[in-house]
$ cat model.txt   # compact mmCIF, C-alpha atoms
# COMPACT_ATOMS: atom_id res chain seq x y z
CA MET A 1363 101.87 117.25 126.29
CA SER A 1364 101.46 119.95 123.65
CA VAL A 1365 100.90 119.75 119.90
CA GLU A 1366 103.07 120.99 117.07
CA PRO A 1367 101.50 122.30 113.86
CA GLY A 1368 100.28 119.23 112.01
CA GLY A 1369 99.11 117.46 115.16
CA ARG A 1370 102.40 115.91 116.15
CA PRO A 1371 102.61 115.30 119.91
CA VAL A 1372 105.40 116.84 121.94
CA LEU A 1373 105.85 116.02 125.61
CA THR A 1374 105.92 119.25 127.61
CA LEU A 1375 107.37 118.81 131.09
CA PRO A 1376 105.98 121.05 133.82
CA GLU A 1377 109.48 121.92 135.06
CA VAL A 1378 110.38 123.49 131.70
CA SER A 1379 109.36 127.02 130.77
CA THR A 1380 107.06 127.29 127.77
CA VAL A 1381 109.59 129.70 126.28
CA THR A 1382 112.55 127.45 125.51
CA THR A 1383 115.83 129.26 125.88
CA LEU A 1384 118.45 129.28 123.22
CA ARG A 1385 120.75 127.31 125.47
CA GLN A 1386 118.15 124.61 126.00
CA ARG A 1387 117.61 124.31 122.24
CA ASN A 1388 121.32 124.07 121.61
CA ARG A 1389 121.74 121.51 124.36
CA ALA A 1390 118.94 119.42 122.83
CA LEU A 1391 120.54 119.79 119.41
CA VAL A 1392 123.87 118.53 120.72
CA LEU A 1393 122.27 115.54 122.48
CA LYS A 1394 120.44 114.52 119.30
CA MET A 1395 123.63 114.86 117.26
CA VAL A 1396 125.52 112.63 119.70
CA ILE A 1397 122.78 109.97 119.66
CA LEU A 1398 122.58 110.00 115.88
CA ALA A 1399 126.35 109.85 115.43
CA GLN A 1400 126.84 107.24 118.20
CA GLU A 1401 130.45 108.46 118.35
CA THR A 1402 131.63 111.96 117.50
CA THR A 1403 133.91 114.73 118.70
CA ARG A 1404 133.38 118.21 120.06
CA ALA A 1405 134.95 119.67 116.93
CA ASP A 1406 132.56 117.76 114.67
CA ILE A 1407 129.59 118.92 116.75
CA ALA A 1408 130.73 122.53 116.43
CA LYS A 1409 131.24 122.17 112.68
CA GLU A 1410 127.91 120.47 111.95
CA SER A 1411 125.80 122.60 114.32
CA GLY A 1412 127.33 125.99 113.57
CA LEU A 1413 128.12 126.51 117.25
CA SER A 1414 131.45 127.90 118.32
CA THR A 1415 134.00 125.37 119.54
CA ALA A 1416 133.75 126.81 123.04
CA SER A 1417 129.94 126.63 123.08
CA ALA A 1418 129.92 123.07 121.80
CA GLY A 1419 132.47 122.07 124.44
CA ASN A 1420 130.45 123.68 127.24
CA LEU A 1421 127.23 121.99 126.16
CA VAL A 1422 128.93 118.61 125.92
CA ALA A 1423 130.34 119.16 129.42
CA GLU A 1424 126.84 119.84 130.75
CA LEU A 1425 125.50 116.67 129.14
CA ILE A 1426 128.40 114.65 130.57
CA ALA A 1427 127.70 116.09 134.03
CA ALA A 1428 124.04 115.11 133.64
CA GLY A 1429 125.05 111.53 132.83
CA LEU A 1430 123.62 111.58 129.30
CA VAL A 1431 126.89 111.65 127.36
CA GLU A 1432 130.23 110.02 128.05
CA GLU A 1433 133.82 110.22 126.86
CA ARG A 1434 135.02 107.08 125.07
CA GLY A 1435 138.75 107.35 124.70
CA LEU A 1436 141.08 109.08 122.28
CA VAL A 1437 141.82 109.04 118.55
CA SER A 1438 144.90 110.48 116.92
CA SER A 1439 144.80 113.81 115.13
CA ARG A 1440 146.97 115.28 112.41
CA GLY A 1441 150.01 116.37 114.32
CA GLY A 1442 148.10 117.68 117.34
CA ARG A 1443 146.87 116.35 120.60
CA PRO A 1444 144.67 113.23 120.56
CA ILE A 1445 140.96 113.94 120.15
CA THR A 1446 138.43 112.66 122.68
CA LEU A 1447 135.50 110.67 121.32
CA ILE A 1448 132.11 111.16 122.92
CA GLY A 1449 128.90 109.15 122.67
CA PRO A 1450 125.55 108.66 124.39
CA ARG A 1451 125.76 107.08 127.83
CA ALA A 1452 123.61 104.13 126.93
CA GLU A 1453 122.77 102.96 130.45
CA SER A 1454 121.46 106.36 131.57
CA ALA A 1455 117.94 105.82 130.24
CA ILE A 1456 115.59 103.39 128.54
CA THR A 1457 112.74 103.91 126.10
CA ILE A 1458 110.05 101.52 124.93
CA GLY A 1459 108.43 101.14 121.53
CA ALA A 1460 105.45 98.93 120.70
CA ASP A 1461 104.33 97.70 117.32
CA ILE A 1462 100.59 97.05 117.51
CA GLY A 1463 100.32 94.79 114.48
CA GLU A 1464 97.89 92.47 112.80
CA ARG A 1465 99.53 89.37 114.29
CA GLY A 1466 100.13 90.56 117.81
CA VAL A 1467 101.91 93.09 119.96
CA ALA A 1468 105.70 93.43 119.84
CA VAL A 1469 107.16 95.57 122.63
CA GLU A 1470 110.85 96.43 122.56
CA MET A 1471 113.11 98.17 125.07
CA PHE A 1472 116.08 100.31 124.04
CA ASP A 1473 118.83 102.14 125.87
CA LEU A 1474 119.72 105.79 125.24
CA ALA A 1475 121.96 104.80 122.33
CA MET A 1476 118.97 102.99 120.78
CA ASN A 1477 120.44 99.54 121.28
CA ARG A 1478 117.67 97.00 121.79
CA ILE A 1479 118.09 95.41 125.20
CA ASP A 1480 114.89 93.39 125.60
CA ARG A 1481 111.77 92.34 123.72
CA GLU A 1482 108.41 90.84 124.54
CA PHE A 1483 105.85 89.54 122.05
CA ARG A 1484 102.22 88.66 122.60
CA GLY A 1485 100.56 86.92 119.67
CA GLY A 1486 97.09 85.70 118.98
CA THR A 1487 95.39 89.07 119.32
CA ARG A 1488 92.60 89.96 116.94
CA ALA A 1489 92.66 93.39 115.39
CA GLU A 1490 88.88 93.61 115.82
CA GLU A 1491 89.19 93.50 119.60
CA PRO A 1492 90.93 96.54 121.11
CA GLU A 1493 90.35 95.21 124.63
CA ARG A 1494 92.47 92.13 123.91
CA ILE A 1495 95.18 94.25 122.34
CA GLY A 1496 95.24 96.50 125.39
CA ALA A 1497 95.50 93.46 127.66
CA ALA A 1498 98.32 91.96 125.58
CA LEU A 1499 100.20 95.27 125.64
CA HIS A 1500 99.81 95.47 129.42
CA GLU A 1501 101.10 91.91 129.87
CA ALA A 1502 104.13 92.60 127.70
CA LEU A 1503 104.98 95.78 129.61
CA VAL A 1504 104.68 94.02 132.95
CA ALA A 1505 107.01 91.26 131.74
CA LEU A 1506 109.59 93.82 130.60
CA ARG A 1507 109.30 95.73 133.87
CA ASP A 1508 109.79 92.60 135.95
CA ARG A 1509 112.88 91.57 134.01
CA ASN A 1510 114.36 95.08 134.08
CA ALA A 1511 113.31 96.35 137.51
CA ALA A 1512 116.61 98.11 138.23
CA ARG A 1513 116.45 100.14 135.01
CA TRP A 1514 112.72 100.84 135.03
CA PRO A 1515 113.03 104.15 136.98
CA THR A 1516 115.04 105.57 134.03
CA LEU A 1517 112.21 104.92 131.57
CA LEU A 1518 111.59 108.00 129.39
CA GLY A 1519 108.22 106.83 128.13
CA ILE A 1520 106.34 104.40 125.90
CA GLY A 1521 105.78 104.91 122.20
CA LEU A 1522 103.01 103.12 120.30
CA GLY A 1523 102.91 102.46 116.55
CA LEU A 1524 99.25 101.93 115.69
CA PRO A 1525 97.15 100.84 112.70
CA GLY A 1526 95.16 103.98 111.98
CA LEU A 1527 95.13 107.75 112.33
CA VAL A 1528 96.37 109.23 115.60
CA GLU A 1529 95.26 112.77 116.41
CA THR A 1530 96.46 114.85 119.32
CA GLY A 1531 94.10 117.45 120.75
CA GLN A 1532 95.14 120.83 122.05
CA ASP A 1533 94.88 119.39 125.56
CA GLY A 1534 97.48 116.77 124.65
CA GLN A 1535 95.02 113.87 124.67
CA GLN A 1536 95.46 111.44 121.78
CA MET A 1537 92.75 109.57 119.86
CA LEU A 1538 93.03 106.63 117.48
CA TYR A 1539 90.80 106.47 114.40
CA ALA A 1540 91.12 102.92 113.04
CA GLN A 1541 88.45 102.89 110.35
CA SER A 1542 89.92 99.84 108.59
CA LEU A 1543 89.58 97.80 111.78
CA GLY A 1544 85.98 98.87 112.36
CA TRP A 1545 86.79 100.49 115.69
CA PRO A 1546 85.03 103.55 117.07
CA PRO A 1547 87.28 106.52 117.92
CA LEU A 1548 89.44 105.26 120.77
CA PRO A 1549 91.37 107.26 123.39
CA ILE A 1550 94.96 106.06 123.46
CA ARG A 1551 94.84 105.78 127.24
CA THR A 1552 92.28 102.97 126.91
CA LEU A 1553 94.92 100.93 125.07
CA CYS A 1554 97.80 101.86 127.34
CA ASP A 1555 97.36 103.57 130.69
CA ALA A 1556 100.81 103.59 132.25
CA GLY A 1557 100.08 105.96 135.11
CA SER A 1558 102.74 108.65 135.40
CA ILE A 1559 104.83 107.19 132.56
CA PRO A 1560 104.34 109.26 129.37
CA VAL A 1561 102.66 107.39 126.50
CA LEU A 1562 102.92 108.77 122.97
CA ALA A 1563 101.34 107.24 119.87
CA GLU A 1564 101.49 107.59 116.11
CA ASN A 1565 100.59 105.72 112.95
CA GLY A 1566 102.77 102.65 112.40
CA ALA A 1567 103.85 103.55 108.86
CA LYS A 1568 105.08 106.92 110.11
CA MET A 1569 107.03 105.13 112.82
CA GLN A 1570 108.78 102.93 110.25
CA ALA A 1571 109.66 106.11 108.39
CA ARG A 1572 110.93 107.68 111.63
CA ALA A 1573 113.28 104.74 112.19
CA GLU A 1574 114.57 105.03 108.62
CA LEU A 1575 115.02 108.80 109.07
CA TRP A 1576 117.12 108.45 112.22
CA PHE A 1577 119.19 105.36 111.51
CA GLY A 1578 118.14 103.85 108.18
CA ASN A 1579 118.05 104.49 104.46
CA ALA A 1580 116.17 107.80 104.69
CA ARG A 1581 118.89 109.34 106.86
CA GLY A 1582 120.40 112.40 105.24
CA VAL A 1583 117.79 112.32 102.43
CA ASP A 1584 115.69 115.47 102.25
CA HIS A 1585 112.87 114.02 100.15
CA SER A 1586 111.82 110.38 100.33
CA LEU A 1587 108.88 108.00 100.44
CA VAL A 1588 108.91 105.16 102.97
CA ALA A 1589 106.28 102.54 102.12
CA LEU A 1590 105.04 99.89 104.53
CA LEU A 1591 103.41 96.84 102.95
CA GLY A 1592 101.88 94.25 105.23
CA ARG A 1593 98.30 93.27 105.89
CA GLY A 1594 97.76 97.01 105.91
CA VAL A 1595 99.49 99.49 103.64
CA GLY A 1596 100.91 102.86 104.66
CA LEU A 1597 103.41 105.52 103.74
CA GLY A 1598 105.69 108.02 105.40
CA VAL A 1599 106.32 111.13 103.29
CA VAL A 1600 109.58 112.91 104.07
CA THR A 1601 109.99 116.45 102.76
CA GLY A 1602 112.78 118.80 103.74
CA GLY A 1603 114.15 116.06 105.98
CA GLN A 1604 110.96 116.01 108.06
CA LEU A 1605 107.98 113.69 108.17
CA ALA A 1606 104.81 115.21 106.73
CA TYR A 1607 101.89 115.17 109.17
CA GLY A 1608 99.29 117.39 107.55
CA ALA A 1609 96.78 119.52 109.40
CA HIS A 1610 95.62 116.70 111.69
CA SER A 1611 98.38 114.06 111.41
CA SER A 1612 96.64 112.13 108.62
CA ALA A 1613 99.18 112.81 105.86
CA GLY A 1614 100.50 109.66 104.25
CA GLU A 1615 97.31 107.56 104.24
CA TRP A 1616 98.41 106.24 100.86
CA GLY A 1617 96.92 102.82 101.54
CA HIS A 1618 93.46 104.35 101.18
CA MET A 1619 94.14 106.33 98.04
CA ALA A 1620 91.89 105.02 95.26
CA ILE A 1621 93.70 103.67 92.22
CA GLU A 1622 90.61 102.16 90.57
CA ARG A 1623 87.15 103.71 90.49
CA GLY A 1624 84.59 101.21 91.74
CA GLY A 1625 87.32 98.62 92.29
CA ARG A 1626 87.76 96.00 94.98
CA VAL A 1627 86.18 96.59 98.37
CA CYS A 1628 88.73 97.76 100.93
CA ARG A 1629 88.68 97.11 104.67
CA CYS A 1630 88.01 100.83 105.17
CA GLY A 1631 84.67 100.44 103.36
CA ASN A 1632 85.62 102.26 100.18
CA ARG A 1633 86.47 100.72 96.82
CA GLY A 1634 89.62 100.66 94.75
CA CYS A 1635 92.09 101.56 97.53
CA VAL A 1636 95.76 100.71 97.26
CA GLU A 1637 95.40 98.35 100.23
CA ALA A 1638 92.67 96.39 98.44
CA TYR A 1639 95.30 95.32 95.90
CA LEU A 1640 98.59 95.38 97.81
CA GLY A 1641 97.65 94.25 101.32
CA SER A 1642 98.62 90.65 102.07
CA ASP A 1643 95.00 89.51 102.44
CA ALA A 1644 94.15 90.86 99.00
CA ILE A 1645 97.23 89.34 97.33
CA LEU A 1646 96.72 85.89 98.83
CA ALA A 1647 92.95 85.93 98.26
CA ALA A 1648 93.59 86.54 94.56
CA TRP A 1649 95.98 83.57 94.47
CA ARG A 1650 93.56 81.32 96.36
CA GLU A 1651 90.81 82.18 93.87
CA THR A 1652 92.93 80.54 91.13
CA GLY A 1653 92.72 77.24 93.02
CA ALA A 1654 96.18 77.49 94.58
CA ASP A 1655 96.69 75.37 97.70
CA PHE A 1656 98.96 76.93 100.33
CA GLU A 1657 99.10 77.30 104.08
CA GLY A 1658 98.84 80.43 106.17
CA THR A 1659 98.44 84.10 105.36
CA GLY A 1660 101.85 85.41 106.29
CA TRP A 1661 105.51 85.56 105.36
CA ARG A 1662 105.74 81.96 104.13
CA ALA A 1663 102.61 82.16 101.97
CA VAL A 1664 103.75 85.32 100.17
CA GLY A 1665 107.14 83.69 99.69
CA GLU A 1666 105.48 80.63 98.14
CA LEU A 1667 103.57 82.87 95.73
CA ILE A 1668 106.72 84.62 94.55
CA ALA A 1669 108.61 81.34 94.27
CA ALA A 1670 105.80 79.85 92.19
CA ALA A 1671 105.94 82.86 89.87
CA HIS A 1672 109.69 82.41 89.47
CA ARG A 1673 109.10 78.76 88.54
CA GLY A 1674 106.81 79.87 85.76
CA ASP A 1675 103.42 79.04 87.29
CA PRO A 1676 101.04 81.07 85.09
CA ASP A 1677 98.53 81.95 87.80
CA ALA A 1678 101.18 82.99 90.31
CA SER A 1679 103.05 84.90 87.59
CA ALA A 1680 99.92 86.83 86.65
CA ILE A 1681 99.21 87.77 90.26
CA VAL A 1682 102.80 88.88 90.94
CA GLU A 1683 102.77 90.93 87.72
CA ASP A 1684 99.52 92.57 88.80
CA VAL A 1685 100.98 93.35 92.26
CA ILE A 1686 104.05 94.94 90.67
CA ASP A 1687 101.93 97.01 88.28
CA CYS A 1688 99.60 98.17 91.07
CA LEU A 1689 102.57 99.11 93.23
CA GLY A 1690 104.09 100.98 90.29
CA THR A 1691 100.82 102.82 89.71
CA ALA A 1692 100.41 103.78 93.37
CA LEU A 1693 104.01 104.88 93.89
CA GLY A 1694 104.29 106.46 90.44
CA GLY A 1695 101.54 108.88 91.36
CA MET A 1696 103.37 109.73 94.57
CA VAL A 1697 106.57 110.34 92.58
CA ASN A 1698 104.74 112.93 90.48
CA LEU A 1699 103.20 114.44 93.60
CA THR A 1700 106.25 114.65 95.85
CA GLY A 1701 109.39 114.32 93.70
CA PRO A 1702 111.39 112.02 96.01
CA GLU A 1703 115.11 111.38 95.85
CA ARG A 1704 114.61 107.93 97.33
CA ILE A 1705 111.79 105.41 97.69
CA ILE A 1706 112.18 102.91 100.52
CA ILE A 1707 110.00 99.81 100.73
CA GLY A 1708 109.51 97.97 104.01
CA GLY A 1709 106.91 95.98 105.89
CA TRP A 1710 106.97 92.20 105.71
CA VAL A 1711 105.22 92.00 102.34
CA GLY A 1712 107.46 94.77 101.01
CA LEU A 1713 110.58 92.97 102.20
CA ARG A 1714 109.42 89.79 100.47
CA LEU A 1715 108.83 91.64 97.19
CA MET A 1716 112.16 93.45 97.35
CA GLU A 1717 114.10 90.20 97.80
CA SER A 1718 113.92 89.44 94.09
CA LEU A 1719 111.63 91.94 92.36
CA GLY A 1720 113.29 95.30 93.04
CA ASP A 1721 114.29 95.97 89.43
CA ARG A 1722 110.81 95.18 88.15
CA ILE A 1723 109.24 97.40 90.79
CA THR A 1724 111.56 100.27 89.82
CA ALA A 1725 110.58 99.85 86.16
CA ALA A 1726 106.87 99.83 87.06
CA ILE A 1727 107.17 103.04 89.09
CA ARG A 1728 109.01 104.76 86.25
CA LYS A 1729 106.36 103.53 83.79
CA HIS A 1730 103.59 105.15 85.84
CA SER A 1731 105.31 108.47 86.57
CA LEU A 1732 106.43 111.37 84.43
CA SER A 1733 109.74 110.62 82.77
CA ARG A 1734 111.71 113.41 84.47
CA PRO A 1735 110.81 112.76 88.15
CA GLY A 1736 110.58 109.07 87.31
CA GLY A 1737 114.25 109.10 86.42
CA GLN A 1738 115.36 110.98 89.52
CA PHE A 1739 114.64 108.57 92.37
CA GLN A 1740 116.49 105.57 93.77
CA LEU A 1741 114.56 102.53 95.03
CA THR A 1742 115.90 100.65 98.03
CA VAL A 1743 114.72 98.25 100.69
CA ALA A 1744 114.14 99.42 104.26
CA LYS A 1745 117.10 98.93 106.56
CA PHE A 1746 114.86 97.86 109.41
CA GLY A 1747 112.93 94.63 109.06
CA GLY A 1748 110.33 93.44 111.52
CA ASP A 1749 111.62 95.83 114.22
CA ALA A 1750 110.98 99.00 112.20
CA VAL A 1751 107.71 100.15 113.79
CA ALA A 1752 108.81 99.36 117.35
CA THR A 1753 112.13 101.14 116.80
CA GLY A 1754 110.44 104.22 115.38
CA SER A 1755 107.90 104.20 118.20
CA ALA A 1756 110.67 104.06 120.82
CA LEU A 1757 112.04 107.26 119.32
CA LEU A 1758 108.88 109.16 120.33
CA PRO A 1759 109.78 109.43 124.05
CA LEU A 1760 113.40 110.16 123.11
CA GLU A 1761 112.35 112.95 120.76
CA ALA A 1762 110.06 114.29 123.46
CA LEU A 1763 113.00 114.48 125.85
CA ILE A 1764 115.07 116.27 123.25
CA ALA A 1765 112.25 118.63 122.31
CA ALA A 1766 111.81 119.58 125.96
CA ASP A 1767 115.07 119.96 127.87
CA PRO A 1768 117.43 117.02 128.37
CA MET A 1769 118.57 118.59 131.65
CA SER A 1770 115.10 118.76 133.18
CA GLU A 1771 114.37 116.93 136.42
CA ARG A 1772 112.11 114.50 134.53
CA GLY A 1773 114.97 113.50 132.26
CA PRO A 1774 117.18 110.42 132.78
CA ARG A 1775 118.58 109.82 136.22
$ encode --input "model.txt" --output "structure tokens"
Amino acid sequence: MSVEPGGRPVLTLPEVSTVTTLRQRNRALVLKMVILAQETTRADIAKESGLSTASAGNLVAELIAAGLVEERGLVSSRGGRPITLIGPRAESAITIGADIGERGVAVEMFDLAMNRIDREFRGGTRAEEPERIGAALHEALVALRDRNAARWPTLLGIGLGLPGLVETGQDGQQMLYAQSLGWPPLPIRTLCDAGSIPVLAENGAKMQARAELWFGNARGVDHSLVALLGRGVGLGVVTGGQLAYGAHSSAGEWGHMAIERGGRVCRCGNRGCVEAYLGSDAILAAWRETGADFEGTGWRAVGELIAAAHRGDPDASAIVEDVIDCLGTALGGMVNLTGPERIIIGGWVGLRLMESLGDRITAAIRKHSLSRPGGQFQLTVAKFGGDAVATGSALLPLEALIAADPMSERGPR
């Protein structure tokens, strides 16, 4: 595994020359276009890629011969011969994505067309215990392997969406820095050692943004912000159609940007962080301090808070108003900083807020940003719900295949 500028991991296969040929790059480009489109034509590939019709046809033929792409019948054309549709050959490979969350470990298996084909969840893990998380992840992977033994040899790799900073060294080794969880620096292989199967990891909020970039509401948008609101708070910053990683992959740690000097204590140890006001623990703790009686700390409890505010409960209304204003402050600053075309809010807390409060959140962001950039963005909810981080994580091995050479011997069989 090698490292791109910004610390982003790229799987480098030993069979592939370090100097990627033009043909390999074009072949990878065509494969990605087919996967993104799900169904397309050779002519559309040529038009969108800038390749000649002949070159596009030859590359598609190579991918068909390799079993990665398939023909899917004919559609009529304007007065000419019928046009052949092509798409990814879904059964040719599988990829796995894992969401290492605050409530457990969700591991999902996808085919080459990114259709989810299986899922395994292990709950009851505590974020303070990496050993238990590693054990739960191992159990989930074993369960998926046993149920999908015939397809397991086509596994491209395992992607992990993690709560913290993930850095990749020049030797390809990855480390997790989960300051908010109180963990020491942790080698990724201690969480998931899959032997010869490639394991790639990245921050969970970035993986939600990756899913939205490929198949969601950030697709085709050059500049966007993709916020994840849950127990933790994170952000994916998209600029020029690409996720921002920064010098060491820490870009987007918006949850630990201070919005109040000397404010509430955050899990990271600092004060006044966005997460200390917008994380689910902080929101529900503020409601409980008013004397509210509710059960749990998850989806239902946040829903009860919002419902109480809609009914006119003064305490709940004040807390919801404060959450909206804090979110507007935090995202308004990012609007001034990055100038997005679109802001996308996801994560389970974010999805709850966007169910009925989207207009108020938009107004709060505009209030806390300069009038010009504040009037130039569109707010929308994330397309992917609870599967966002796992889906984005499953794209890591797929992107690694594309970034290397889809025709290499280590590719799908």
$ closest_residue --input "model.txt" --among "A:Arg1623, A:Asp1677, A:Val1685, A:Glu1432" --to "Ser1642 in chain A" --atoms "all atoms listed in the file"
A:Val1685
$ closest_residue --input "model.txt" --among "A:Ala1678, A:Val1392, A:Ala1752, A:Leu1430" --to "Leu1524 in chain A" --atoms "only C-alpha atoms"
A:Ala1752
$ residues_around --input "model.txt" --residues "Ala1497 in chain A" --least-positions-apart "4" --cutoff "12 Å" --atoms "only C-alpha atoms" --output "ChimeraX atom specification"
/A:1462,1466-1467,1484-1488,1491-1493,1501-1504,1552-1555
$ residues_around --input "model.txt" --residues "Met1716 in chain A" --least-positions-apart "4" --cutoff "9 Å" --atoms "all atoms listed in the file" --output "PDB file with C-alpha atoms, in the frame of the given file"
ATOM      1  CA  ILE A1707     110.000  99.810 100.730  1.00  0.00           C
ATOM      2  CA  GLY A1708     109.510  97.970 104.010  1.00  0.00           C
ATOM      3  CA  VAL A1711     105.220  92.000 102.340  1.00  0.00           C
ATOM      4  CA  GLY A1712     107.460  94.770 101.010  1.00  0.00           C
ATOM      5  CA  GLY A1720     113.290  95.300  93.040  1.00  0.00           C
ATOM      6  CA  ASP A1721     114.290  95.970  89.430  1.00  0.00           C
ATOM      7  CA  ILE A1723     109.240  97.400  90.790  1.00  0.00           C
ATOM      8  CA  THR A1742     115.900 100.650  98.030  1.00  0.00           C
ATOM      9  CA  VAL A1743     114.720  98.250 100.690  1.00  0.00           C
TER      10      VAL A1743
END
$ atom_distance --input "model.txt" --atom1 "CA of Glu1761 in chain A" --atom2 "CA of Ser1411 in chain A"
17.8 Å
$ residues_around --input "model.txt" --residues "Arg1507 in chain A" --least-positions-apart "3" --cutoff "12 Å" --atoms "all atoms listed in the file" --output "ChimeraX atom specification"
/A:1456-1458,1469-1471,1480-1482,1500-1504,1510-1517,1556
$ residues_around --input "model.txt" --residues "Gly1459 in chain A" --least-positions-apart "3" --cutoff "8 Å" --atoms "all atoms listed in the file" --output "mmCIF file with C-alpha atoms, keeping the file's coordinate frame"
data_model
loop_
_atom_site.group_PDB
_atom_site.id
_atom_site.type_symbol
_atom_site.label_atom_id
_atom_site.label_comp_id
_atom_site.auth_asym_id
_atom_site.auth_seq_id
_atom_site.Cartn_x
_atom_site.Cartn_y
_atom_site.Cartn_z
ATOM 1 C CA VAL A 1469 107.160 95.570 122.630
ATOM 2 C CA GLU A 1470 110.850 96.430 122.560
ATOM 3 C CA MET A 1471 113.110 98.170 125.070
ATOM 4 C CA ILE A 1520 106.340 104.400 125.900
ATOM 5 C CA GLY A 1521 105.780 104.910 122.200
ATOM 6 C CA LEU A 1522 103.010 103.120 120.300
ATOM 7 C CA GLY A 1523 102.910 102.460 116.550
ATOM 8 C CA VAL A 1751 107.710 100.150 113.790
ATOM 9 C CA ALA A 1752 108.810 99.360 117.350
ATOM 10 C CA THR A 1753 112.130 101.140 116.800
ATOM 11 C CA GLY A 1754 110.440 104.220 115.380
ATOM 12 C CA SER A 1755 107.900 104.200 118.200
ATOM 13 C CA ALA A 1756 110.670 104.060 120.820
ATOM 14 C CA LEU A 1757 112.040 107.260 119.320
#
$ closest_residue --input "model.txt" --among "A:Leu1597, A:Ile1621, A:Met1696, A:Ala1468" --to "Gly1709 in chain A" --atoms "all atoms listed in the file"
A:Leu1597
$ atom_distance --input "model.txt" --atom1 "CA of Leu1646 in chain A" --atom2 "CA of Cys1628 in chain A"
14.5 Å
$ closest_residue --input "model.txt" --among "A:Ile1397, A:Ala1571, A:Ala1647, A:Leu1732" --to "Val1583 in chain A" --atoms "all atoms listed in the file"
A:Ala1571
$ closest_residue --input "model.txt" --among "A:Ala1589, A:Ile1407, A:Val1528, A:Leu1562" --to "Ile1448 in chain A" --atoms "all atoms listed in the file"
A:Ile1407
$ atom_distance --input "model.txt" --atom1 "CA of Leu1575 in chain A" --atom2 "CA of Val1588 in chain A"
9.4 Å
$ residues_near_point --input "model.txt" --point "(90.6, 104.4, 99.5)" --cutoff "12 Å" --atoms "all atoms listed in the file" --output "PyMOL selection string"
chain A and resi 1541-1542+1595-1596+1615-1639+1692
$ residues_around --input "model.txt" --residues "Met1537 in chain A" --least-positions-apart "6" --cutoff "6 Å" --atoms "only C-alpha atoms" --output "PyMOL selection string"
chain A and resi 1528-1529+1548-1550
$ residues_near_point --input "model.txt" --point "(117.7, 105.4, 126.0)" --cutoff "7 Å" --atoms "only C-alpha atoms" --output "PyMOL selection string"
chain A and resi 1452+1454-1457+1472-1476
$ build_atoms --input "model.txt" --residues "range 1659-1670 of chain A" --atoms "N, CA and C atoms" --output "short mmCIF file (atom, residue, chain, number, x, y, z; two decimals), keeping the file's coordinate frame"
data_model
loop_
_atom_site.label_atom_id
_atom_site.label_comp_id
_atom_site.auth_asym_id
_atom_site.auth_seq_id
_atom_site.Cartn_x
_atom_site.Cartn_y
_atom_site.Cartn_z
N THR A 1659 98.73 82.80 105.99
CA THR A 1659 98.44 84.10 105.36
C THR A 1659 99.59 85.07 105.59
N GLY A 1660 100.76 84.53 105.91
CA GLY A 1660 101.85 85.41 106.29
C GLY A 1660 103.07 85.32 105.40
N TRP A 1661 104.23 85.48 106.04
CA TRP A 1661 105.51 85.56 105.36
C TRP A 1661 105.74 84.37 104.42
N ARG A 1662 105.47 83.16 104.92
CA ARG A 1662 105.74 81.96 104.13
C ARG A 1662 104.83 81.89 102.91
N ALA A 1663 103.56 82.24 103.08
CA ALA A 1663 102.61 82.16 101.97
C ALA A 1663 102.98 83.13 100.85
N VAL A 1664 103.34 84.35 101.20
CA VAL A 1664 103.75 85.32 100.17
C VAL A 1664 105.03 84.84 99.48
N GLY A 1665 105.93 84.25 100.27
CA GLY A 1665 107.14 83.69 99.69
C GLY A 1665 106.85 82.58 98.71
N GLU A 1666 105.87 81.72 99.04
CA GLU A 1666 105.48 80.63 98.14
C GLU A 1666 104.91 81.18 96.84
N LEU A 1667 104.13 82.24 96.93
CA LEU A 1667 103.57 82.87 95.73
C LEU A 1667 104.68 83.35 94.80
N ILE A 1668 105.64 84.08 95.36
CA ILE A 1668 106.72 84.62 94.55
C ILE A 1668 107.58 83.50 93.97
N ALA A 1669 107.83 82.47 94.77
CA ALA A 1669 108.61 81.34 94.27
C ALA A 1669 107.89 80.63 93.13
N ALA A 1670 106.57 80.48 93.25
CA ALA A 1670 105.80 79.85 92.19
C ALA A 1670 105.86 80.67 90.91
#
